[in-house]
Amino acid sequence: MMRPLVVGNWKMNLDFVEAIHLTQQLGVVLRSRPLEHVDIVLVPPFVDLRSVTSIIDSERMPVEVGAQHVSMHDSGAHTGEVSASMLRRLAVDWVLVGHSERRAMYAMSDAVVAATMKAALRHGLKPILCVGESLEVREADGHLAFVSDQLQSALADLSGGEDLITVAYEPVWAIGTGRTAGTDQVREMMQHIRGVLNTRGLTNARILYGGSVNPENARDLMVDGKVNGFLVGGASLKAESFLAIADNANDCYDGKR
Ligand code: 13P
């Protein structure tokens, strides 16, 4: 079993004052109840990054920080974009790439996802590559082929840094809907993604699940779904629910026994 990774994607929530508050709350709880067998990453909006990394640094919190998006370009005339080197200068170590909301709402194509993976790896950012099918594709039984295609396209022509990659399986129909994928569905997809990653030599990559994860379903998803961790949306906005999910992952990690 791989050491679990629990990632909180705050999406477009929490201004910098609220972000400071939540990060401080997480720090207080983690100090009194350390989670030694799980890696934790916070993924706030861009404008919160500096505040969040400062608190993590000053409080020596065992937490890393990611961005929700990064430009595929290194610099130049790209109004509104943020580059990988700018994120690295802010002590940001991780980045989400190809989240379904960016694919659906901001026309992020497979080609742009692939170029963004390369940009992240060029600068030593650890990309969390998000994949997952729509309900329509799932109901037509096309989910395995769909996710393979997304992976193959995003991982094509990489030239170094592959060991930094994490994959997050987030079925679009389970995001923000309260409708979690069943553990059988998740386990099937975990095995499938693992197979694809093995053929590309990415044998050490962790595969997360995301989509309505909460403290109640986290344990089943870990044990029966065989996930290597979680990409949490809504439940990451409260210290209590986010840390309860991390707690479950921590407890389920065989390696500590
Ligand atoms: P929810 O946990 O709110 O369903 O969001 C999942 C997600 O999209 C995380 O990236």
# chains A, B, ... in the order shown; residues from 1 in each chain; ligands from 1
>>> residues_near_ligand(ligand="ligand 1", cutoff="7 Å", atoms="only C-alpha atoms and all ligand atoms", output="list of chain:residue names")
A:Asn9, A:His99, A:Glu170, A:Ala174, A:Ile175, A:Gly176, A:Thr177, A:Gly178, A:Gly210, A:Gly211, A:Ser212, A:Val213, A:Leu231, A:Val232, A:Gly233, A:Gly234, A:Ala235
>>> select_by_dssp(residues="segment 109-243 of chain A", states="strand (DSSP E)", output="NGL selection string")
:A and (126-131 or 166-169 or 207-210 or 229-232)
>>> residues_around(residues="segment 182-196 of chain A", least_positions_apart="5", cutoff="6 Å", atoms="only C-alpha atoms", output="PDB file with C-alpha atoms, in the first residue's frame")
ATOM      1  CA  LEU A 221     -13.066   4.184  -0.453  1.00  0.00           C
ATOM      2  CA  ASP A 224     -12.578  -1.370  -0.613  1.00  0.00           C
ATOM      3  CA  GLY A 225     -11.964   1.191  -3.350  1.00  0.00           C
ATOM      4  CA  LYS A 226      -8.191   0.708  -3.002  1.00  0.00           C
TER       5      LYS A 226
END
>>> residues_around(residues="segment 150-158 of chain A", least_positions_apart="6", cutoff="7 Å", atoms="only C-alpha atoms", output="ChimeraX atom specification")
/A:110,113-114,117-118,131
>>> write_last_selection(atoms="C-alpha atoms", output="tab-separated table (two decimals), in the first residue's frame")
chain	number	residue	atom	x	y	z
A	110	ASP	CA	-6.39	17.31	-24.09
A	113	VAL	CA	-3.55	19.42	-20.64
A	114	ALA	CA	-0.54	17.65	-22.17
A	117	MET	CA	1.88	18.68	-17.74
A	118	LYS	CA	5.14	19.39	-19.53
A	131	VAL	CA	-9.22	12.47	-15.31
>>> residues_around(residues="segment 63-70 of chain A", least_positions_apart="5", cutoff="9 Å", atoms="only C-alpha atoms", output="PyMOL selection string")
chain A and resi 7+9-11+39-46+49+52-53+56+81-84+87+91-99+102+116+119-120+125-127
>>> write_last_selection(atoms="C-alpha atoms", output="PDB file, in the first residue's frame")
ATOM      1  CA  VAL A   7      -5.474  17.028  -1.174  1.00  0.00           C
ATOM      2  CA  ASN A   9      -9.067  21.699  -3.526  1.00  0.00           C
ATOM      3  CA  TRP A  10     -10.706  24.869  -2.243  1.00  0.00           C
ATOM      4  CA  LYS A  11     -11.815  25.817  -5.770  1.00  0.00           C
ATOM      5  CA  ASP A  39       0.688  13.511   3.141  1.00  0.00           C
ATOM      6  CA  ILE A  40      -1.521  16.607   3.145  1.00  0.00           C
ATOM      7  CA  VAL A  41      -1.691  19.256   0.408  1.00  0.00           C
ATOM      8  CA  LEU A  42      -3.809  22.421   0.372  1.00  0.00           C
ATOM      9  CA  VAL A  43      -4.847  23.889  -2.975  1.00  0.00           C
ATOM     10  CA  PRO A  44      -6.183  27.421  -2.443  1.00  0.00           C
ATOM     11  CA  PRO A  45      -6.992  30.101  -5.033  1.00  0.00           C
ATOM     12  CA  PHE A  46      -3.929  31.931  -6.428  1.00  0.00           C
ATOM     13  CA  LEU A  49      -1.106  31.146  -1.880  1.00  0.00           C
ATOM     14  CA  VAL A  52      -1.110  30.017   3.206  1.00  0.00           C
ATOM     15  CA  THR A  53       2.549  29.181   2.522  1.00  0.00           C
ATOM     16  CA  ILE A  56       2.662  26.717   6.966  1.00  0.00           C
ATOM     17  CA  GLU A  81      -2.244  33.369 -16.522  1.00  0.00           C
ATOM     18  CA  VAL A  82       0.308  32.338 -13.882  1.00  0.00           C
ATOM     19  CA  SER A  83       3.531  30.512 -14.740  1.00  0.00           C
ATOM     20  CA  ALA A  84       5.101  27.473 -13.128  1.00  0.00           C
ATOM     21  CA  LEU A  87       4.457  29.302  -8.370  1.00  0.00           C
ATOM     22  CA  ALA A  91       7.061  27.691  -2.397  1.00  0.00           C
ATOM     23  CA  VAL A  92       4.217  25.998  -4.222  1.00  0.00           C
ATOM     24  CA  ASP A  93       5.093  22.355  -4.882  1.00  0.00           C
ATOM     25  CA  TRP A  94       1.953  20.948  -6.493  1.00  0.00           C
ATOM     26  CA  VAL A  95      -0.526  21.854  -9.203  1.00  0.00           C
ATOM     27  CA  LEU A  96      -3.820  20.442 -10.418  1.00  0.00           C
ATOM     28  CA  VAL A  97      -3.770  19.826 -14.153  1.00  0.00           C
ATOM     29  CA  GLY A  98      -6.873  19.285 -16.239  1.00  0.00           C
ATOM     30  CA  HIS A  99      -9.495  19.470 -13.511  1.00  0.00           C
ATOM     31  CA  ARG A 102     -11.314  23.673 -16.326  1.00  0.00           C
ATOM     32  CA  THR A 116       0.530  21.971 -19.099  1.00  0.00           C
ATOM     33  CA  ALA A 119       5.303  22.968 -18.212  1.00  0.00           C
ATOM     34  CA  ALA A 120       4.751  21.764 -14.637  1.00  0.00           C
ATOM     35  CA  LEU A 125       6.023  21.196  -9.921  1.00  0.00           C
ATOM     36  CA  LYS A 126       4.249  17.976  -8.960  1.00  0.00           C
ATOM     37  CA  PRO A 127       1.219  17.705 -11.248  1.00  0.00           C
TER      38      PRO A 127
END
>>> residues_around(residues="Pro62 of chain A", least_positions_apart="5", cutoff="12 Å", atoms="only C-alpha atoms", output="list in words")
Thr23, Leu26, Gly27, Val28, Val29, Leu30, Arg31, Arg33, Pro34, Leu35, Glu36, His37, Val38, Asp39, Ile40, Val41, Leu42, Thr53, Ile55, Ile56 and Asp57 of chain A
